[in-house]
Structure formats: C-alpha cells, structure tokens
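I have placed the structure first, in the form of structure tokens, so that the comments after it can refer back to it.
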2 protein chains.
Amino acid sequence: MNVHPLGVPDLAEIKKTADRIRPYVHRTPVMTCSAINGMVGADLFFKCENLQKVGAFKFRGATNAVLMLDDKAAPRGVATVSSGNHAAGLSLAARARGIPAYVVMPDNSARVKIDAVAGYGAHIIFCAPTMEAREQAVADLVERTGATLVHPYNDYRIIAGQATATLELIEDTPGLDVVMTPIGGGGLTSGASLVVHYCSPSTKMIAAEPEGANDAFRSFHSGRIVPSENPTTIADGLRSSLGEKTFPIIQEFVDDIVTVSEDGIVRAMRTIWERMKIIVEPSAAVPLGALLEGRVPVSGKRVGIILSGGNVDLEQLPWLAKGA
Amino acid sequence: MNVHPLGVPDLAEIKKTADRIRPYVHRTPVMTCSAINGMVGADLFFKCENLQKVGAFKFRGATNAVLMLDDKAAPRGVATVSSGNHAAGLSLAARARGIPAYVVMPDNSARVKIDAVAGYGAHIIFCAPTMEAREQAVADLVERTGATLVHPYNDYRIIAGQATATLELIEDTPGLDVVMTPIGGGGLTSGASLVVHYCSPSTKMIAAEPEGANDAFRSFHSGRIVPSENPTTIADGLRSSLGEKTFPIIQEFVDDIVTVSEDGIVRAMRTIWERMKIIVEPSAAVPLGALLEGRVPVSGKRVGIILSGGNVDLEQLPWLAKGA
C-alpha cells in the first residue's frame, strides 16, 4: 500500500483504489437543486452515494477490502460486527468475489436490517446485545473460520475506498469552495479530507455531526478521542466513536466540525426528499441540516456534499412519528 | 411546425423541439437496478423524469408550448385548467420566459397542489368543482387576459415536448426491445410512440394503465375514444380521457395497452423507493407494476420505462394508509 509520510494512504494509493473498485461500484451522479440552492444561498453539488450499490458509500471501502485480500486469505472470507450499511456492503462485496461473509449482529437488531444483510447472502451470527457477547462472538468466529475481520472505518483499506467518492465529486465538479460530509466513525470524512488535501487544497473540508452524538466535534476541539457515549440521534449511521486511524487524519486535514439539531436533520431530510425526489437516510441529511441552520458561512459559495446513504425503513418516516 | 403525413409532429419537428427546450430542461439520467431486474427477469432502463424540473416530464411539453408563443401572444401569458404536474410545469415555464401563467383550479384542490403551483409564481383562479364552473372560469379568464390556453396533452406542441424524453432514452440506451409509459390523456404515450416509430421501429411500444381507470385500454381495443368516467385509482395522473389528437397516434403507433391492479401499483412504487432510492408517484410505477404482475412478456429483454414523475404527498404514503 502506498502511504503518505504520515502513514496514511497517499494520492497514488487512492487512485489505485479507484481503479481497483471501478468495475464493481457505481459512479454515482452529482445532482443539483435550484430550490435548495435558493434556501441556502449557495450552489450545492450533491454526490449521490444513496444511489450507490447497497444504498451507501460503505460499499466502496468494503469492496476495496475484499479485493485486497490475497489468494490465501480470500477463500476463508471476511467478517464484521455491524447491523448497518457496512455489513450490507461487505456482504455484497464478498458475494461478488465468491467468498463467504460473516456478520455478527445483536439479537435485538431490527428485522429490516437482518433481512437486508441476509439478502446479500451473508452468514449471520446472532449474539446478546452487549459488548462482551459481541467480542466473544467475533473471536469465536475468526478462530473457527479464519475469516479476515474488516472494521467499518478504522482501516486504511476502508478509508481509501471511501475516499474515492470525494475523488469522483472533485473530478466532476471542479472549483468547489467547500466539501462537506457527515461524520460518525470518520471513515468517510478522513478519506474525503485526504482527497481534498491532495487534489484541491484551497477547498475547505467541513464535517457535520448531530448535536446528540457530538463526540467527533468534542474530539476535534479537545485534541483527543472522546468516546461516543449514549448518543441520541435519529442519524443511526453516526453514533460511532472515532478510531485511532481516522482521528489523526481528521485532526490534520479537516478544517472544522459543526453540529446540527435533530429537528434540523429531519427538516433537511424531508427537504431532499421533496425537492430532489431522492431518498436519503437521516445521516445523509446532516450536512444540509447544518447549512439550513446557518452553521457554516457558505453564502455564494460552491459546496460539495456527500449524500452518504439512502437506507430508511419506509414504515417509519420521522415526520410521521407518533404524536408529531 | 413540421408534420408527418398523418398531420402529427414528424421526426424533424421532435428534434427541433429537443433543441428548443434543451437549455431549460434537465437531461434526466437513465438508471438501472439489478435487484429489480432479478424480480422481472429482464434488463430495465428507467428514464428518471421524476428528477425533471417540477418533478415530472410535463415540464418538457409546457416549456415547448411557452417557447413557441410568438412575440405578440407571449406577453399575455398562458392559461390552463389543472391541479397537477402540467399546471406546475406551465407555471415554471412561463416564469422562465418572464410571462404570466394563469391556472384554474377547483376550490377543493389539495393544499399541497395549490402551494406547488403558487410556488412557481402562477396566478390561481379558483372555481367550483364542476365542469360548468371550470369552463366558465377559463372562458372568462381568456376573455379578460388574452392568455393562450395550453391543454395538458391534446396539443401537438405538448406531444412533441413529451416525445423528447423518449428521444433521450433511446439515444442513451440503444437496442431496446420494448419501451413502456404510463397512459392517462396520452400526451406522453403518443410522443413516445412517435419517437419509437421514427427512431427504433423494431422496438415494441407498450402503455400501462390502472385497471380502475382503463379508458385508454378500452379505447385502444374498441377503436373509439371511451371517456374516463369515475376512475378509481391511486395513480392521480392517469385519470384523464384520451384526446382527439393523442388517440389516433396511439392507435397507429402503440403495440399494446395493458392494465395493472391497484395493489400492483403500490407494490411497484414501494419497490422503486426501496431498491432505487428515488421517489416516484403512483402513476410512474404503473409500467413496473404491469411487469411485476406478468402482464407483458419481457423475459430476457431490454425494456425502457419512463418514470413519469415524483410528486407525492409525503404525509400520505399508500403503504401507510389507515387500516392497511
């Protein structure tokens, strides 16, 4: 793997990653919406990773990790602990290479998430919903199968894979003043910030986070990883803590992290559905939420936004919540 | 206007129309979805007019009609009777040319539709919800303003405009075995069938219609226009009767009209939302509904489908209906 002096993937590595995954991933469109531009007072360019395979950018990193396995490790498969988009992405990526995927999920996971992962052909291992049970289940699994564990974000193969979304955005939309991503564990944000640093250094890199899960905001401003404890946000993709591989990149190459209210997230999500006619999950709406709440000065600027995913339970729309 | 010997727009006219409206309309993407291909057993190519301006293909024809007004007629504006996508499209097209749009709407129209049309800057004239009141209101309006009446579909300027969606689909997706549209008044279908006839004559042209509003199906098979009486379908864009300009084109150039159940429409709509992460209105889901119900033999074929629009009340999703 080619590395930057800091030990993180360099531009050559990210470009090699883009070449490696290109046959397997969608080059998603960049969409614009004049109505939303009018609301924000800026020109927004939405990179539609909600239209990526499995409905999320996570498929990029997962595909890269699967393709980088050598011929000895590959047949034993890949494993992860996740009930979300990374599990779905890893399962489909493994299926594309014809190798097994093992996913450890808490036994109280939502039916819709279990079905999604099962639908991509993964072997699901249920465990009790505690940290200890989960770690034990993973250890047993790896011991038994020899599968390679692929972390959802704290892994340079994953970071380089997620970076390719921003590489495409910048190729398709030159002259951006700002690039924005939502931030959870930091895989998407760290990859994006590397690409901005390498390819468009005058562009500001800003991450947006729910107020109710503001551990990245606090980590960024305190200079050490603050764990995410009892996060309370509808943005279910953004409840993780930063990792020791993502945090240093974010410290070095991200210009700012801003937060947004829960109401702001729901309002932004609904605005995207209504005005752009595309389905995004709450996490994907977080950057626009921050802009609609005036948290970033972007007046008159060109702003690229990664719409991270579109996996939503269509029975449970937040603006139809009971009592709302 | 260039015409075919039958008196309908010829290919040169449709290409001239495409050139005329190109600066104002989106060239919408053609999307594919391997999961849906698997369900149908065919390769489907979705032309995403739900992502068109105002969220519907109707903006194409409306823009063409507005741009074709001469300098004497234009300042007096355009008028129509509609509470749907045509009204929104005509209003935005008029605003783009800087001329007034007048829309007659029954005074019991849904708030969300009134707001949409008002949002595009149209003058709204309310009338009682009867045929007589509507006709009187239009007559008074045209008398008073001198505005040019633009029918939603029974007008060759509109038909040529809607045809451009299929022209783009065929340009972007060569070798289609079948093209499918939903059918209501027939503006979209007649335009599509002309393009298929001129540009891809070996392609079958098939329209799909709700069982509960099957007037086009009955007209096609009986050889005379059967009016749409008491249509009962969730596909609110498909309740109109064919017109004397659209019907002869459809008789001549459409290969078949098939119908689909209400359950099939809702299932197809939800499938598109879940699998493609895009928002389509019930009318747009009608062709896929017909395929999922096995109404058209398409096994192994390449099928182009016009997704006609994406305007849905997000408070009223059909799979969340009370008691469902």
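Identifiers for the structure tokens are assigned positionally: chains receive A, B, ... in sequence, residues are indexed from 1 per chain, and ligands are indexed from 1 in the order shown.
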Mind the document's chain letters and residue numbers, and return as an MDAnalysis selection string the residues of segment 26-186 of chain B that DSSP labels strand (DSSP E). chainID B and resid 30:31 43:48 78:81 101:106 123:127 148:149 178:182
Taking only C-alpha atoms into account and nothing else, which residues of chain A lie no more than 12 Å away from chain B? Please answer as number ranges by chain. A: 26-35, 48-56, 112, 116, 119-120, 269-281, 307, 309-321, 324
Would you list the contacts of Pro152 of chain A as a compact mmCIF listing (two decimals) with C-alpha atoms, in the first residue's frame, taking every protein, DNA or RNA residue within 8 Å and counting only C-alpha atoms, but skipping same-chain residues closer than 2 positions in sequence?
# COMPACT_ATOMS: atom_id res chain seq x y z
CA THR A 80 -17.51 -7.85 10.68
CA SER A 82 -22.33 -4.29 12.24
CA HIS A 86 -21.05 -1.65 6.28
CA VAL A 150 -12.86 -5.87 8.35
CA ASN A 154 -10.72 2.08 11.39
CA ASP A 155 -8.82 0.51 8.48
CA ILE A 158 -11.72 1.22 4.07
CA GLY A 187 -14.09 6.68 7.56
Within 9 Å of Glu244 of chain B, counting only C-alpha atoms, which residues show up once you throw out same-chain ones fewer than 2 positions away? Write them as number ranges by chain, please. B: 154, 225, 242, 246-248
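Omitting Ile249 of chain A and its sequence neighbours fewer than 6 positions away, and counting only C-alpha atoms, the residues within 9 Å are Leu6, Val8, Thr189, Ser190, Gly191, Ser193 and Leu194 of chain A.
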Residue with the minimum atom-to-atom distance to Asp43 of chain B, picked from B:Leu149, B:Val178, B:Ile14, B:Ala137 with only C-alpha atoms counted, is B:Val178
Non-local contacts of Asp255 of chain B (9 Å; only C-alpha atoms; under 2 positions in same chain excluded) as a PyMOL selection string: chain B and resi 193+204-207+250-253+257
Would you work out the distance separating atom CA of Ile234 of chain A from atom CA of Ile36 of chain A, expressed in Å to one decimal?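 The value is 22.1 Å.
Across the structure, atom CA of Ala96 of chain B and atom CA of Leu69 of chain B are spaced 13.3 Å apart.
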Would you list the contacts of Val286 of chain B as a VMD selection string, taking every protein, DNA or RNA residue within 10 Å and counting only C-alpha atoms, but skipping same-chain residues closer than 3 positions in sequence? chain B and resid 180 to 183 207 to 210 235 238 258 to 262 264 to 269 281 to 283 289 to 292 305 307 to 308
Restricting it to C-alpha atoms, dump the selection as a PDB file, in the first residue's frame.
ATOM      1  CA  MET B 180     -43.156   1.445 -21.770  1.00  0.00           C
ATOM      2  CA  THR B 181     -45.009   4.508 -20.480  1.00  0.00           C
ATOM      3  CA  PRO B 182     -47.957   5.006 -18.177  1.00  0.00           C
ATOM      4  CA  ILE B 183     -51.020   6.332 -20.017  1.00  0.00           C
ATOM      5  CA  ALA B 207     -48.531   1.607 -22.462  1.00  0.00           C
ATOM      6  CA  ALA B 208     -49.706   0.594 -18.993  1.00  0.00           C
ATOM      7  CA  GLU B 209     -52.852   1.820 -17.258  1.00  0.00           C
ATOM      8  CA  PRO B 210     -54.549   1.245 -13.891  1.00  0.00           C
ATOM      9  CA  ALA B 235     -52.480   6.973  -9.879  1.00  0.00           C
ATOM     10  CA  LEU B 238     -53.806   8.838 -15.120  1.00  0.00           C
ATOM     11  CA  VAL B 258     -52.021  -3.405 -20.603  1.00  0.00           C
ATOM     12  CA  THR B 259     -53.566  -2.848 -17.181  1.00  0.00           C
ATOM     13  CA  VAL B 260     -52.366  -3.292 -13.605  1.00  0.00           C
ATOM     14  CA  SER B 261     -54.124  -3.695 -10.259  1.00  0.00           C
ATOM     15  CA  GLU B 262     -54.034  -1.061  -7.516  1.00  0.00           C
ATOM     16  CA  GLY B 264     -49.604  -3.887  -8.121  1.00  0.00           C
ATOM     17  CA  ILE B 265     -49.146  -0.116  -8.488  1.00  0.00           C
ATOM     18  CA  VAL B 266     -48.416   0.339  -4.777  1.00  0.00           C
ATOM     19  CA  ARG B 267     -46.060  -2.636  -4.733  1.00  0.00           C
ATOM     20  CA  ALA B 268     -44.139  -1.330  -7.739  1.00  0.00           C
ATOM     21  CA  MET B 269     -43.973   2.170  -6.242  1.00  0.00           C
ATOM     22  CA  GLU B 281     -45.514   8.983  -7.718  1.00  0.00           C
ATOM     23  CA  PRO B 282     -48.038   6.156  -8.174  1.00  0.00           C
ATOM     24  CA  SER B 283     -48.576   6.949 -11.879  1.00  0.00           C
ATOM     25  CA  GLY B 289     -46.474  -2.818 -11.775  1.00  0.00           C
ATOM     26  CA  ALA B 290     -47.594  -4.383 -15.050  1.00  0.00           C
ATOM     27  CA  LEU B 291     -44.249  -6.163 -15.405  1.00  0.00           C
ATOM     28  CA  LEU B 292     -44.290  -7.460 -11.823  1.00  0.00           C
ATOM     29  CA  ILE B 305     -39.513   2.671 -18.870  1.00  0.00           C
ATOM     30  CA  LEU B 307     -40.680   7.159 -14.768  1.00  0.00           C
ATOM     31  CA  SER B 308     -43.148   9.967 -15.328  1.00  0.00           C
TER      32      SER B 308
END
Going by DSSP on the backbone, which residues of segment 69-285 of chain B come out as helix (DSSP H, G or I)? List them as number ranges by chain. B: 74-76, 85-97, 111-119, 131-145, 156-172, 187-199, 211-213, 215-222, 236-238, 246-253, 262-276, 282-285
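The shortest atom-to-atom distance to Arg157 of chain A, with only C-alpha atoms taken into account, belongs to A:Ala62 out of A:Ala62, A:Val296, A:Arg20, A:Lys47.
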Take atom CA of Gly77 of chain B and atom CA of Arg22 of chain B and report the distance between them in Å, one decimal.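 These atoms are spaced 21.3 Å apart.
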Taking only C-alpha atoms into account, name the residue in B:Ser109, B:Thr164, B:Val25, B:Gln136 that is nearest to Gly89 of chain B.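 Closest to Gly89 of chain B of all the choices is B:Val25.
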